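**Q** Coordinates in start06.cif, mmCIF, C-alpha atoms, are listed below.
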```cif
data_coords
#
loop_
_atom_site.label_atom_id
_atom_site.label_comp_id
_atom_site.auth_asym_id
_atom_site.auth_seq_id
_atom_site.Cartn_x
_atom_site.Cartn_y
_atom_site.Cartn_z
CA MET A 1 165.93 95.02 34.79
CA ILE A 2 163.66 94.04 31.89
CA LYS A 3 161.88 90.74 31.45
CA ILE A 4 161.28 89.22 28.00
CA LEU A 5 159.48 86.15 26.67
CA HIS A 6 161.34 84.94 23.58
CA THR A 7 159.51 82.51 21.28
CA GLY A 8 159.47 81.49 17.63
CA ASP A 9 159.14 78.56 15.23
CA ILE A 10 155.56 78.04 16.38
CA HIS A 11 154.43 76.83 12.93
CA LEU A 12 150.74 77.42 13.52
CA ASP A 13 148.55 75.46 11.06
CA SER A 14 151.19 72.75 10.74
CA PRO A 15 149.53 69.65 9.17
CA PHE A 16 151.26 67.06 11.43
CA SER A 17 151.32 64.78 8.40
CA GLY A 18 153.27 62.04 10.21
CA LEU A 19 150.22 61.12 12.30
CA ASP A 20 146.86 59.56 11.47
CA PRO A 21 144.10 62.12 10.66
CA ARG A 22 142.48 61.99 14.10
CA SER A 23 145.77 62.40 15.98
CA ALA A 24 146.88 65.15 13.56
CA GLU A 25 143.74 67.15 14.29
CA ILE A 26 144.32 66.75 18.02
CA ARG A 27 147.90 67.97 17.60
CA LYS A 28 146.78 71.04 15.59
CA ASN A 29 144.50 72.04 18.45
CA GLU A 30 147.21 71.28 21.02
CA LEU A 31 149.61 73.58 19.17
CA ARG A 32 147.09 76.41 19.42
CA ALA A 33 146.58 75.54 23.10
CA ALA A 34 150.34 75.67 23.73
CA PHE A 35 150.43 79.16 22.21
CA THR A 36 147.52 80.27 24.39
CA SER A 37 149.23 78.81 27.49
CA MET A 38 152.40 80.72 26.63
CA MET A 39 150.49 83.99 26.32
CA THR A 40 148.82 83.38 29.68
CA TYR A 41 152.24 82.73 31.20
CA ALA A 42 153.57 86.00 29.74
CA LYS A 43 150.75 87.99 31.35
CA MET A 44 150.98 86.21 34.71
CA ASN A 45 154.75 86.76 34.88
CA ASN A 46 154.45 90.43 33.94
CA VAL A 47 157.00 90.33 31.13
CA ASP A 48 157.88 93.66 29.52
CA MET A 49 157.75 92.44 25.94
CA LEU A 50 157.20 89.44 23.69
CA LEU A 51 159.72 88.61 20.96
CA MET A 52 158.58 86.28 18.16
CA ALA A 53 161.53 85.12 16.06
CA GLY A 54 159.95 83.95 12.81
CA ASP A 55 158.01 81.00 11.41
CA ILE A 56 154.96 81.91 13.44
CA PHE A 57 152.98 80.19 10.70
CA ASP A 58 153.92 76.95 8.93
CA SER A 59 153.45 78.62 5.53
CA GLU A 60 152.24 81.86 3.99
CA TYR A 61 148.72 80.41 3.81
CA VAL A 62 147.03 80.83 7.18
CA SER A 63 143.58 79.76 8.35
CA ASN A 64 141.15 82.43 9.52
CA GLU A 65 140.80 80.65 12.87
CA THR A 66 144.54 80.93 13.48
CA LEU A 67 144.67 84.59 12.48
CA ILE A 68 141.83 85.46 14.84
CA LEU A 69 143.54 83.57 17.68
CA LEU A 70 146.88 85.31 17.08
CA ARG A 71 145.41 88.80 16.83
CA ARG A 72 143.26 88.34 19.94
CA GLU A 73 146.06 86.94 22.11
CA LEU A 74 148.57 89.63 21.13
CA ALA A 75 146.04 92.40 21.69
CA ASN A 76 145.06 91.00 25.10
CA PHE A 77 148.73 90.87 26.09
CA GLY A 78 148.82 94.63 25.86
CA LYS A 79 152.61 95.00 26.21
CA PRO A 80 154.97 95.50 23.23
CA VAL A 81 155.17 92.58 20.80
CA PHE A 82 157.88 92.35 18.15
CA ILE A 83 157.64 89.89 15.25
CA THR A 84 160.08 88.98 12.51
CA PRO A 85 158.83 86.86 9.56
CA GLY A 86 160.88 83.74 8.82
CA ASN A 87 161.57 81.55 5.82
CA HIS A 88 158.28 79.64 6.27
CA ASP A 89 156.10 82.76 6.60
CA PRO A 90 157.95 85.54 4.73
CA ALA A 91 156.50 89.03 4.41
CA ILE A 92 155.58 88.68 0.76
CA PRO A 93 153.07 91.03 -0.92
CA GLY A 94 149.58 90.23 0.35
CA SER A 95 150.73 88.45 3.51
CA VAL A 96 149.30 89.33 6.91
CA TRP A 97 152.68 90.84 7.84
CA LYS A 98 152.18 93.52 5.18
CA LYS A 99 148.69 94.49 6.37
CA ASP A 100 147.46 96.73 9.16
CA TYR A 101 145.97 93.73 10.93
CA PHE A 102 147.29 93.74 14.50
CA SER A 103 146.71 96.01 17.49
CA ASP A 104 148.96 99.01 18.15
CA ASN A 105 151.18 97.11 20.60
CA VAL A 106 152.44 94.84 17.80
CA HIS A 107 155.41 95.82 15.61
CA VAL A 108 156.41 93.64 12.63
CA PHE A 109 159.90 93.86 11.09
CA ASN A 110 158.50 93.15 7.64
CA LYS A 111 161.48 94.25 5.55
CA PRO A 112 164.87 92.58 4.97
CA GLU A 113 166.67 95.81 5.88
CA LEU A 114 167.70 96.41 9.49
CA SER A 115 165.45 98.77 11.46
CA SER A 116 164.88 99.58 15.11
CA PHE A 117 162.20 100.50 17.63
CA ASP A 118 162.85 102.46 20.83
CA LEU A 119 161.14 101.70 24.14
CA ASP A 120 162.21 104.77 26.09
CA ASP A 121 160.26 103.91 29.24
CA ILE A 122 162.55 100.91 29.83
CA GLY A 123 165.68 102.26 28.10
CA THR A 124 165.62 99.57 25.43
CA THR A 125 166.03 99.45 21.65
CA VAL A 126 164.87 96.44 19.65
CA TYR A 127 166.55 95.87 16.27
CA GLY A 128 165.21 93.51 13.67
CA PHE A 129 164.69 92.50 10.06
CA GLY A 130 162.46 89.97 8.34
CA PHE A 131 162.38 87.57 5.42
CA SER A 132 160.64 88.95 2.32
CA SER A 133 161.03 85.64 0.47
CA LYS A 134 161.91 82.08 1.42
CA ASN A 135 165.62 82.81 1.02
CA MET A 136 167.94 85.40 2.55
CA THR A 137 171.65 85.29 1.80
CA ASP A 138 172.44 88.74 3.23
CA VAL A 139 173.22 89.37 6.90
CA PRO A 140 171.75 92.85 7.59
CA VAL A 141 173.73 93.45 10.81
CA ARG A 142 177.10 92.66 9.25
CA GLY A 143 179.35 95.72 9.39
CA ARG A 144 176.82 97.62 11.52
CA SER A 145 176.71 98.58 15.20
CA VAL A 146 174.05 99.70 17.66
CA SER A 147 173.30 103.43 17.86
CA ASP A 148 173.56 103.80 21.64
CA PRO A 149 175.65 101.20 23.52
CA GLY A 150 174.41 102.62 26.82
CA ARG A 151 170.87 101.33 26.28
CA ILE A 152 169.74 97.72 26.53
CA ASN A 153 170.01 96.64 22.89
CA ILE A 154 168.20 93.58 21.56
CA LEU A 155 168.31 91.93 18.14
CA LEU A 156 165.34 89.90 16.92
CA CYS A 157 165.76 87.83 13.77
CA HIS A 158 165.36 84.51 12.01
CA CYS A 159 168.74 83.15 10.93
CA ASP A 160 170.97 80.10 10.72
CA MET A 161 174.13 80.22 12.82
CA ILE A 162 174.41 76.42 12.98
CA THR A 163 174.55 75.17 9.38
CA ASN A 164 178.05 76.02 8.16
CA THR A 165 177.62 75.50 4.43
CA LEU A 166 178.35 77.75 1.46
CA ASP A 167 174.79 77.35 0.14
CA ASN A 168 173.11 78.50 3.37
CA THR A 169 170.15 80.63 2.24
CA CYS A 170 168.65 81.31 5.66
CA CYS A 171 170.60 84.39 6.73
CA PRO A 172 173.98 82.78 7.55
CA MET A 173 174.83 84.90 10.59
CA THR A 174 177.82 84.25 12.84
CA ALA A 175 178.61 84.90 16.48
CA ASP A 176 181.15 87.49 15.32
CA ASP A 177 178.37 89.36 13.51
CA ILE A 178 176.39 89.60 16.75
CA ASN A 179 179.37 90.54 18.88
CA SER A 180 180.46 93.25 16.43
CA PHE A 181 176.93 94.62 16.23
CA GLY A 182 177.02 95.14 20.00
CA VAL A 183 173.65 93.91 21.28
CA ASP A 184 173.11 92.67 24.81
CA TYR A 185 170.86 89.83 23.64
CA ALA A 186 170.06 88.34 20.23
CA ALA A 187 166.69 86.54 20.17
CA LEU A 188 167.00 84.04 17.34
CA GLY A 189 164.67 81.68 15.53
CA HIS A 190 165.02 78.85 12.97
CA ILE A 191 166.80 76.10 14.93
CA HIS A 192 164.18 73.82 16.54
CA ASN A 193 166.64 71.86 18.70
CA PRO A 194 168.76 74.69 20.11
CA PRO A 195 172.33 74.19 21.30
CA SER A 196 172.92 74.70 25.00
CA GLY A 197 175.24 77.70 24.49
CA SER A 198 177.18 79.32 27.30
CA ALA A 199 176.87 82.21 29.73
CA GLU A 200 179.31 84.29 27.63
CA GLU A 201 177.27 84.08 24.44
CA LYS A 202 174.90 86.95 23.72
CA TRP A 203 172.59 84.94 21.47
CA CYS A 204 170.00 82.25 22.04
CA TYR A 205 167.68 80.11 19.95
CA CYS A 206 164.29 79.67 21.61
CA GLY A 207 163.59 76.36 19.83
CA CYS A 208 160.10 75.41 18.67
CA LEU A 209 157.02 75.80 20.85
CA GLU A 210 155.59 72.35 20.14
CA PRO A 211 157.47 69.44 18.48
CA ARG A 212 156.15 68.15 15.17
CA GLY A 213 158.23 65.04 14.52
CA PHE A 214 160.84 62.62 15.80
CA ASP A 215 163.58 64.97 14.59
CA GLU A 216 162.44 67.34 17.37
CA PRO A 217 162.76 65.13 20.48
CA GLY A 218 161.91 66.04 24.05
CA PRO A 219 159.75 68.78 25.57
CA LYS A 220 159.70 72.20 23.88
CA GLY A 221 158.76 75.74 24.83
CA ALA A 222 160.09 79.29 24.98
CA CYS A 223 162.69 81.37 26.83
CA LEU A 224 162.12 83.70 29.74
CA VAL A 225 164.92 86.26 29.58
CA GLU A 226 165.93 88.78 32.25
CA ILE A 227 168.38 91.55 31.30
CA SER A 228 169.92 94.15 33.57
CA LYS A 229 172.56 96.69 32.58
CA LYS A 230 174.78 98.95 34.67
CA ASP A 231 177.78 101.03 33.67
CA GLY A 232 177.68 99.61 30.16
CA LYS A 233 177.84 95.98 31.33
CA SER A 234 174.80 93.74 30.89
CA ASP A 235 173.80 90.65 32.80
CA VAL A 236 171.54 88.18 30.98
CA LEU A 237 169.66 85.26 32.54
CA VAL A 238 167.85 82.79 30.27
CA LYS A 239 165.39 80.20 31.56
CA ARG A 240 163.73 77.67 29.27
CA VAL A 241 160.03 77.12 30.01
CA ARG A 242 158.08 74.12 28.71
CA PHE A 243 154.78 74.81 26.96
CA SER A 244 154.51 71.74 24.70
CA LYS A 245 151.59 69.43 25.32
CA ARG A 246 153.46 66.44 23.87
CA ARG A 247 157.01 65.24 23.30
CA TYR A 248 158.48 62.98 20.64
CA GLU A 249 160.78 60.24 21.86
CA LYS A 250 162.72 57.44 20.15
CA GLY A 251 163.88 54.23 21.74
CA GLU A 252 165.25 50.75 21.14
CA VAL A 253 164.01 47.54 22.76
CA VAL A 254 166.36 44.56 22.60
CA LEU A 255 164.49 41.24 22.67
CA GLN A 256 166.11 38.06 23.91
CA GLU A 257 164.69 34.96 22.23
CA ALA A 258 161.10 36.24 22.30
CA GLU A 259 158.63 33.51 21.40
CA THR A 260 155.22 35.22 21.33
CA GLN A 261 153.57 38.54 20.55
CA SER A 262 152.91 38.84 24.29
CA ASP A 263 156.66 38.66 24.98
CA VAL A 264 157.15 41.62 22.65
CA ILE A 265 154.28 43.61 24.19
CA ASP A 266 155.66 43.02 27.69
CA ALA A 267 159.15 44.12 26.67
CA VAL A 268 157.90 47.32 25.04
CA SER A 269 155.60 48.12 27.98
CA THR A 270 158.47 47.63 30.42
CA TYR A 271 160.68 49.96 28.38
CA LEU A 272 158.01 52.69 28.34
CA THR A 273 157.52 52.38 32.10
CA GLU A 274 161.24 52.48 32.87
CA HIS A 275 161.69 55.63 30.75
CA LYS A 276 158.56 57.24 32.22
CA PHE A 277 156.89 57.81 28.86
CA GLY A 278 153.32 58.81 29.59
CA GLU A 279 150.28 60.26 27.83
CA ASP A 280 152.36 63.22 26.65
CA ALA A 281 154.71 60.97 24.65
CA ILE A 282 154.64 60.15 20.94
CA VAL A 283 157.06 57.25 20.72
CA SER A 284 158.99 55.45 17.99
CA ILE A 285 160.41 52.07 19.03
CA LYS A 286 162.88 49.90 17.11
CA LEU A 287 162.81 46.24 18.02
CA LYS A 288 166.25 44.64 18.00
CA GLY A 289 167.65 41.35 19.29
CA THR A 290 166.53 37.79 18.67
CA VAL A 291 163.20 35.99 18.39
CA SER A 292 161.97 32.47 17.80
CA PRO A 293 162.12 31.52 14.11
CA ALA A 294 158.38 30.85 14.26
CA LEU A 295 157.58 34.37 15.53
CA VAL A 296 156.62 37.00 12.99
CA ILE A 297 156.08 40.19 14.97
CA ASN A 298 152.85 41.93 14.03
CA THR A 299 153.83 45.53 14.72
CA ALA A 300 150.30 46.86 14.20
CA TYR A 301 148.91 44.39 16.75
CA VAL A 302 151.68 45.18 19.24
CA SER A 303 151.08 48.93 18.83
CA ARG A 304 147.34 48.52 19.45
CA SER A 305 148.09 46.51 22.59
CA ILE A 306 150.26 49.23 24.16
CA SER A 307 148.58 51.75 26.46
CA GLY A 308 149.75 54.76 28.43
CA VAL A 309 151.24 56.86 25.59
CA PHE A 310 149.58 59.19 23.09
CA SER A 311 150.88 57.34 20.04
CA ILE A 312 153.44 54.64 19.29
CA ARG A 313 155.18 53.49 16.11
CA ILE A 314 157.06 50.17 16.11
CA THR A 315 159.67 48.96 13.63
CA ASP A 316 160.84 45.34 13.60
CA GLU A 317 164.58 44.86 13.09
CA THR A 318 164.90 41.57 14.98
CA ASN A 319 166.62 38.41 13.79
CA PRO A 320 165.32 34.85 14.17
CA ILE A 321 167.37 32.28 16.07
CA LEU A 322 168.31 29.81 13.33
CA ASP A 323 170.65 26.85 13.26
CA PHE A 324 171.38 26.71 9.54
CA ASP A 325 173.49 23.54 9.77
CA ALA A 326 170.65 21.71 11.51
CA LEU A 327 168.10 22.99 9.00
CA ASP A 328 170.28 21.90 6.08
CA SER A 329 170.21 18.29 7.30
CA ASP A 330 166.57 18.39 8.51
CA ILE A 331 164.53 15.84 6.52
CA GLY A 332 161.25 17.49 7.50
CA ILE A 333 159.23 20.32 5.95
CA LYS A 334 161.25 23.05 7.70
CA GLY A 335 164.46 21.66 6.25
CA GLU A 336 162.96 21.55 2.78
CA VAL A 337 161.74 25.15 3.05
CA TYR A 338 165.21 26.23 4.13
CA ARG A 339 166.91 24.42 1.27
CA GLN A 340 164.57 26.04 -1.26
CA LEU A 341 165.53 29.49 0.08
CA LYS A 342 169.17 28.71 0.84
CA SER A 343 170.70 30.35 -2.23
CA LYS A 344 168.69 33.54 -1.74
CA LEU A 345 169.53 33.63 1.99
CA LYS A 346 173.20 33.71 0.99
CA SER A 347 172.74 36.16 -1.88
CA GLU A 348 175.06 39.15 -2.21
CA ASP A 349 171.95 41.28 -2.75
CA LYS A 350 170.87 42.61 0.66
CA HIS A 351 167.26 43.12 -0.43
CA GLU A 352 167.03 39.56 -1.74
CA ARG A 353 168.47 38.21 1.53
CA GLU A 354 165.95 40.15 3.56
CA LEU A 355 163.02 38.92 1.45
CA ALA A 356 164.22 35.33 1.73
CA LEU A 357 164.60 35.60 5.51
CA ARG A 358 161.12 37.11 5.78
CA ALA A 359 159.70 34.26 3.67
CA LEU A 360 161.46 31.72 5.90
CA ARG A 361 160.02 33.31 9.04
CA TYR A 362 156.48 33.37 7.62
CA ALA A 363 156.78 29.74 6.59
CA PHE A 364 157.97 28.67 10.05
CA ASN A 365 155.24 30.79 11.59
CA ALA A 366 152.59 29.02 9.50
CA LEU A 367 154.04 25.60 10.33
CA SER A 368 153.87 26.43 14.04
CA GLY A 369 150.15 27.10 13.75
CA ASP A 370 150.48 30.68 15.02
CA LYS A 371 147.76 33.14 14.08
CA ALA A 372 148.51 35.90 11.61
CA PHE A 373 146.48 38.45 13.61
#
```
Can the structure in the file be given as C-alpha cells, please?

**A**
Amino acid sequence: MIKILHTGDIHLDSPFSGLDPRSAEIRKNELRAAFTSMMTYAKMNNVDMLLMAGDIFDSEYVSNETLILLRRELANFGKPVFITPGNHDPAIPGSVWKKDYFSDNVHVFNKPELSSFDLDDIGTTVYGFGFSSKNMTDVPVRGRSVSDPGRINILLCHCDMITNTLDNTCCPMTADDINSFGVDYAALGHIHNPPSGSAEEKWCYCGCLEPRGFDEPGPKGACLVEISKKDGKSDVLVKRVRFSKRRYEKGEVVLQEAETQSDVIDAVSTYLTEHKFGEDAIVSIKLKGTVSPALVINTAYVSRSISGVFSIRITDETNPILDFDALDSDIGIKGEVYRQLKSKLKSEDKHERELALRALRYAFNALSGDKAF
C-alpha cells in the first residue's frame, strides 16, 4: 500500500481583495500557515509522496517570502514531491517552474506534453503534464495508455472535467479519458468546490486548501489517499482532511416586524449561534422579512455590534410594513410624504420604486426621531 497527500489550488500570495486591508493581511498569513500545517501533517502521517495539482501560486508573480517558504517546506518533507503548474501559475519562460530552484526530491511537470516518473521502490509511476500558458485546449492523455498496467499508476494534472462547454480552455478532460488511460488514481486540480464523486471513479479533485470568497463555502483542505494493488486490481481510499483556518458561509435571517436596530442585532446573533458560526467563520447575511416603516437598518452599525465571528457582511433586503390605504387618507405629515412619493412608488421602473421606498423609509425614520447612527 502507498499513502499520498493530494493538494492543489493553494493560490499562495492571493490578495483576498474582498476583505478590508487588515483582514486581508491576516488571511494571507493564514493561507501560508495552512500550507505549513499541511506539510507537518504529511510528515507526521508518513505519506509516501506529495502531489500538488496546479495553481500553487495565485499568479506567475510570486513574493520572495512565499518562494522561500515553499522551497523550505518541500525540502524538509524529504519524500518525493510532484508538481504540475496550472492556469494561474503556468510554466512560462522565466517562471520558478523552469528554474533549478527546488531540492532533489521535487519533480515539476513543466511541459504540456505527457511525461512520467518511476518510483521503483514502491512500484509506482506518476504521470503528469503542466500548463505552459494560461490556456490549454489539448488533453495530453487522450488516446494514450499507461506503460505498465501492473504498477500503481497515478496521473497528476490541472484540468476541467466539470465545465461542459465548447470554449473550455482549461484542459477539458473527461472521465473516459482517464479510464482509457488506465491509471489507478488521477489527482486533479482546478475545481475549488469538488463534487463528491463515487467509489467507482478513479479521479478526485482535492479542492482548494483555504477558501478565498463566498463562492468557496465551508471548510477546505486536502486529500489523504491510500492505494493498494493486487493481481492487477487496485483499491483506493480517499479521506478529506481540513487544513483551512477559516470558512466562508452565507445565510439568510428573516425578520418579523423588527422595530429597532437591537431587534436586528439579536436576530443575527441568534442565527449565528444556532448555526455554530464561530471565530473561524467569515459570514455574509441577507436580511429578509418585514420591519417597522420607521426603521432604517444601519448595516454597518449592526455588523460592528456582532461578535464571535472573524468577519461579517450584512445586506438589507427587508420590506417595511406599510398600510398604503391608510397613508393615502392620512392628513398628517406621513400621509403628505407618501402622497408626494406615490407615483414613484408605483412606477414601472424597479430602480425608481426602490429609491422611492428608501426615501419613504428615511422620512418616516426621521419623523420618529430615531438616530441615524

**Q** Give as a list in words every residue, naming chains and numbers as the document does, that has an atom within 12 Å of (149.7, 87.9, 31.7), counting only C-alpha atoms.

**A**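 Selection result: Leu5, Thr36, Ser37, Met38, Met39, Thr40, Tyr41, Ala42, Lys43, Met44, Asn45, Asn46, Val47, Asp48, Met49, Leu50, Glu73, Leu74, Ala75, Asn76, Phe77, Gly78 and Lys79 of chain A.
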
**Q** Please save C-alpha atoms of the selected residues as a short mmCIF file (atom, residue, chain, number, x, y, z; two decimals), in the coordinates of the input.

**A**
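And here is the file that came out, selection_33.cif:
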```cif
data_model
loop_
_atom_site.label_atom_id
_atom_site.label_comp_id
_atom_site.auth_asym_id
_atom_site.auth_seq_id
_atom_site.Cartn_x
_atom_site.Cartn_y
_atom_site.Cartn_z
CA LEU A 5 159.48 86.15 26.67
CA THR A 36 147.52 80.27 24.39
CA SER A 37 149.23 78.81 27.49
CA MET A 38 152.40 80.72 26.63
CA MET A 39 150.49 83.99 26.32
CA THR A 40 148.82 83.38 29.68
CA TYR A 41 152.24 82.73 31.20
CA ALA A 42 153.57 86.00 29.74
CA LYS A 43 150.75 87.99 31.35
CA MET A 44 150.98 86.21 34.71
CA ASN A 45 154.75 86.76 34.88
CA ASN A 46 154.45 90.43 33.94
CA VAL A 47 157.00 90.33 31.13
CA ASP A 48 157.88 93.66 29.52
CA MET A 49 157.75 92.44 25.94
CA LEU A 50 157.20 89.44 23.69
CA GLU A 73 146.06 86.94 22.11
CA LEU A 74 148.57 89.63 21.13
CA ALA A 75 146.04 92.40 21.69
CA ASN A 76 145.06 91.00 25.10
CA PHE A 77 148.73 90.87 26.09
CA GLY A 78 148.82 94.63 25.86
CA LYS A 79 152.61 95.00 26.21
#
```

**Q** Please enumerate the residues selected by the PyMOL selection byres ((chain A and resi 307) around 12) when evaluated against the supplied file, formatted as a list in words.

**A**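 Against this file, the PyMOL selection byres ((chain A and resi 307) around 12) returns the residues Ile265, Asp266, Val268, Ser269, Thr270, Leu272, Thr273, Phe277, Gly278, Glu279, Ala281, Ile282, Val283, Val302, Ser303, Arg304, Ser305, Ile306, Gly308, Val309, Phe310, Ser311 and Ile312 of chain A.
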
**Q** Can you give me, as a list of chain:residue names, the residues this file yields under the PyMOL selection byres ((chain A and resi 127) around 7)?

**A**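 Selection result, ordered by chain and number: A:Leu114, A:Ser115, A:Ser116, A:Phe117, A:Thr125, A:Val126, A:Gly128, A:Ile154, A:Leu155, A:Leu156.
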
**Q** Keeping C-alpha atoms, export the residues of the selection given above as an mmCIF file, in the coordinates of the input.

**A**
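Wrote result.cif, looks like this:
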```cif
data_model
loop_
_atom_site.group_PDB
_atom_site.id
_atom_site.type_symbol
_atom_site.label_atom_id
_atom_site.label_comp_id
_atom_site.auth_asym_id
_atom_site.auth_seq_id
_atom_site.Cartn_x
_atom_site.Cartn_y
_atom_site.Cartn_z
ATOM 1 C CA LEU A 114 167.700 96.410 9.490
ATOM 2 C CA SER A 115 165.450 98.770 11.460
ATOM 3 C CA SER A 116 164.880 99.580 15.110
ATOM 4 C CA PHE A 117 162.200 100.500 17.630
ATOM 5 C CA THR A 125 166.030 99.450 21.650
ATOM 6 C CA VAL A 126 164.870 96.440 19.650
ATOM 7 C CA GLY A 128 165.210 93.510 13.670
ATOM 8 C CA ILE A 154 168.200 93.580 21.560
ATOM 9 C CA LEU A 155 168.310 91.930 18.140
ATOM 10 C CA LEU A 156 165.340 89.900 16.920
#
```

**Q** Between A:Ser95, A:Val141, A:Gly18, A:Ile2, which residue has the minimum interatomic distance to Asp121 (chain A), considering all atoms listed in the file?

**A**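 Answer, going by the shortest atom-to-atom distance: A:Ile2.
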
**Q** Just checking: using all atoms listed in the file, which residue out of A:Glu201, A:Asp104, A:Asp160, A:Glu216 ends up closest to Lys250 (chain A)?

**A** A:Glu216

**Q** Can you list, as a VMD selection string, the residues that the PyMOL selection byres ((chain A and resi 317-323) around 12) selects here?

**A** chain A and resid 252 to 259 264 285 to 297 299 314 to 316 324 to 330 334 to 335 338 354 357 to 362 364 to 365

**Q** Between A:Thr124, A:Gly94, A:Thr66, A:Gly182, which residue has the minimum interatomic distance to Pro80 (chain A), considering all atoms listed in the file?

**A**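 Closest to Pro80 (chain A), using all atoms listed in the file: A:Thr124.
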
**Q** With only C-alpha atoms as the basis for distance, which of A:Ala363, A:Ala33, A:Val139, A:Val337 is at the shortest distance from Ser244 (chain A)?

**A** A:Ala33

**Q** What does the distance between CA of Cys157 (chain A) and CA of Lys28 (chain A) come to in Å, to one decimal place?

**A**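 Separation of CA of Cys157 (chain A) and CA of Lys28 (chain A): 25.4 Å.
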
**Q** Mind pulling up the distance from CA of His11 (chain A) to CA of Ser63 (chain A)?

**A**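 Distance between the two atoms: 12.1 Å.
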
**Q** Kindly give the distance, in Å, that separates CA of Ser180 (chain A) and CA of Asp148 (chain A), rounded to a single decimal.

**A**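 So the two atoms, CA of Ser180 (chain A) and CA of Asp148 (chain A), lie 13.6 Å apart.
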
**Q** Give me, as a JSON list (two decimals) with C-alpha atoms, keeping the file's coordinate frame, all polymer residues having an atom no more than 10 Å from region 188-191 of chain A, counting all atoms listed in the file and skipping those fewer than 4 positions away in the same chain.

**A**
```
[["chain", "number", "residue", "atom", "x", "y", "z"],
["A", 6, "HIS", "CA", 161.34, 84.94, 23.58],
["A", 7, "THR", "CA", 159.51, 82.51, 21.28],
["A", 8, "GLY", "CA", 159.47, 81.49, 17.63],
["A", 9, "ASP", "CA", 159.14, 78.56, 15.23],
["A", 10, "ILE", "CA", 155.56, 78.04, 16.38],
["A", 51, "LEU", "CA", 159.72, 88.61, 20.96],
["A", 52, "MET", "CA", 158.58, 86.28, 18.16],
["A", 53, "ALA", "CA", 161.53, 85.12, 16.06],
["A", 54, "GLY", "CA", 159.95, 83.95, 12.81],
["A", 55, "ASP", "CA", 158.01, 81.00, 11.41],
["A", 56, "ILE", "CA", 154.96, 81.91, 13.44],
["A", 84, "THR", "CA", 160.08, 88.98, 12.51],
["A", 85, "PRO", "CA", 158.83, 86.86, 9.56],
["A", 86, "GLY", "CA", 160.88, 83.74, 8.82],
["A", 87, "ASN", "CA", 161.57, 81.55, 5.82],
["A", 88, "HIS", "CA", 158.28, 79.64, 6.27],
["A", 155, "LEU", "CA", 168.31, 91.93, 18.14],
["A", 156, "LEU", "CA", 165.34, 89.90, 16.92],
["A", 157, "CYS", "CA", 165.76, 87.83, 13.77],
["A", 158, "HIS", "CA", 165.36, 84.51, 12.01],
["A", 159, "CYS", "CA", 168.74, 83.15, 10.93],
["A", 160, "ASP", "CA", 170.97, 80.10, 10.72],
["A", 161, "MET", "CA", 174.13, 80.22, 12.82],
["A", 162, "ILE", "CA", 174.41, 76.42, 12.98],
["A", 163, "THR", "CA", 174.55, 75.17, 9.38],
["A", 170, "CYS", "CA", 168.65, 81.31, 5.66],
["A", 195, "PRO", "CA", 172.33, 74.19, 21.30],
["A", 203, "TRP", "CA", 172.59, 84.94, 21.47],
["A", 204, "CYS", "CA", 170.00, 82.25, 22.04],
["A", 205, "TYR", "CA", 167.68, 80.11, 19.95],
["A", 206, "CYS", "CA", 164.29, 79.67, 21.61],
["A", 207, "GLY", "CA", 163.59, 76.36, 19.83],
["A", 208, "CYS", "CA", 160.10, 75.41, 18.67]]
```

**Q** From the list A:Arg313, A:Ala267, A:Val81, A:Ala222, which residue is nearest Ser284 (chain A) when using all atoms listed in the file?

**A**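 Selected residue with least distance to Ser284 (chain A): A:Arg313.
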
**Q** Return region 163-174 of chain A, completed with N, CA and C atoms, as a tab-separated table (two decimals), in the coordinates of the input.

**A**
```tsv
chain	number	residue	atom	x	y	z
A	163	THR	N	174.21	75.88	10.61
A	163	THR	CA	174.55	75.17	9.38
A	163	THR	C	175.68	75.89	8.66
A	164	ASN	N	176.88	75.37	8.76
A	164	ASN	CA	178.05	76.02	8.16
A	164	ASN	C	178.30	75.48	6.75
A	165	THR	N	177.44	75.90	5.82
A	165	THR	CA	177.62	75.50	4.43
A	165	THR	C	177.61	76.73	3.53
A	166	LEU	N	178.26	76.62	2.39
A	166	LEU	CA	178.35	77.75	1.46
A	166	LEU	C	177.00	78.09	0.84
A	167	ASP	N	176.09	77.11	0.78
A	167	ASP	CA	174.79	77.35	0.14
A	167	ASP	C	173.69	77.66	1.16
A	168	ASN	N	174.08	78.14	2.34
A	168	ASN	CA	173.11	78.50	3.37
A	168	ASN	C	172.31	79.72	2.91
A	169	THR	N	171.01	79.54	2.73
A	169	THR	CA	170.15	80.63	2.24
A	169	THR	C	169.18	81.10	3.31
A	170	CYS	N	169.52	80.88	4.57
A	170	CYS	CA	168.65	81.31	5.66
A	170	CYS	C	169.39	82.27	6.58
A	171	CYS	N	169.87	83.36	5.99
A	171	CYS	CA	170.60	84.39	6.73
A	171	CYS	C	171.74	83.78	7.55
A	172	PRO	N	172.86	83.47	6.90
A	172	PRO	CA	173.98	82.78	7.55
A	172	PRO	C	174.78	83.68	8.50
A	173	MET	N	174.20	84.03	9.60
A	173	MET	CA	174.83	84.90	10.59
A	173	MET	C	175.87	84.13	11.39
A	174	THR	N	176.81	84.86	11.98
A	174	THR	CA	177.82	84.25	12.84
A	174	THR	C	177.83	84.94	14.20
```
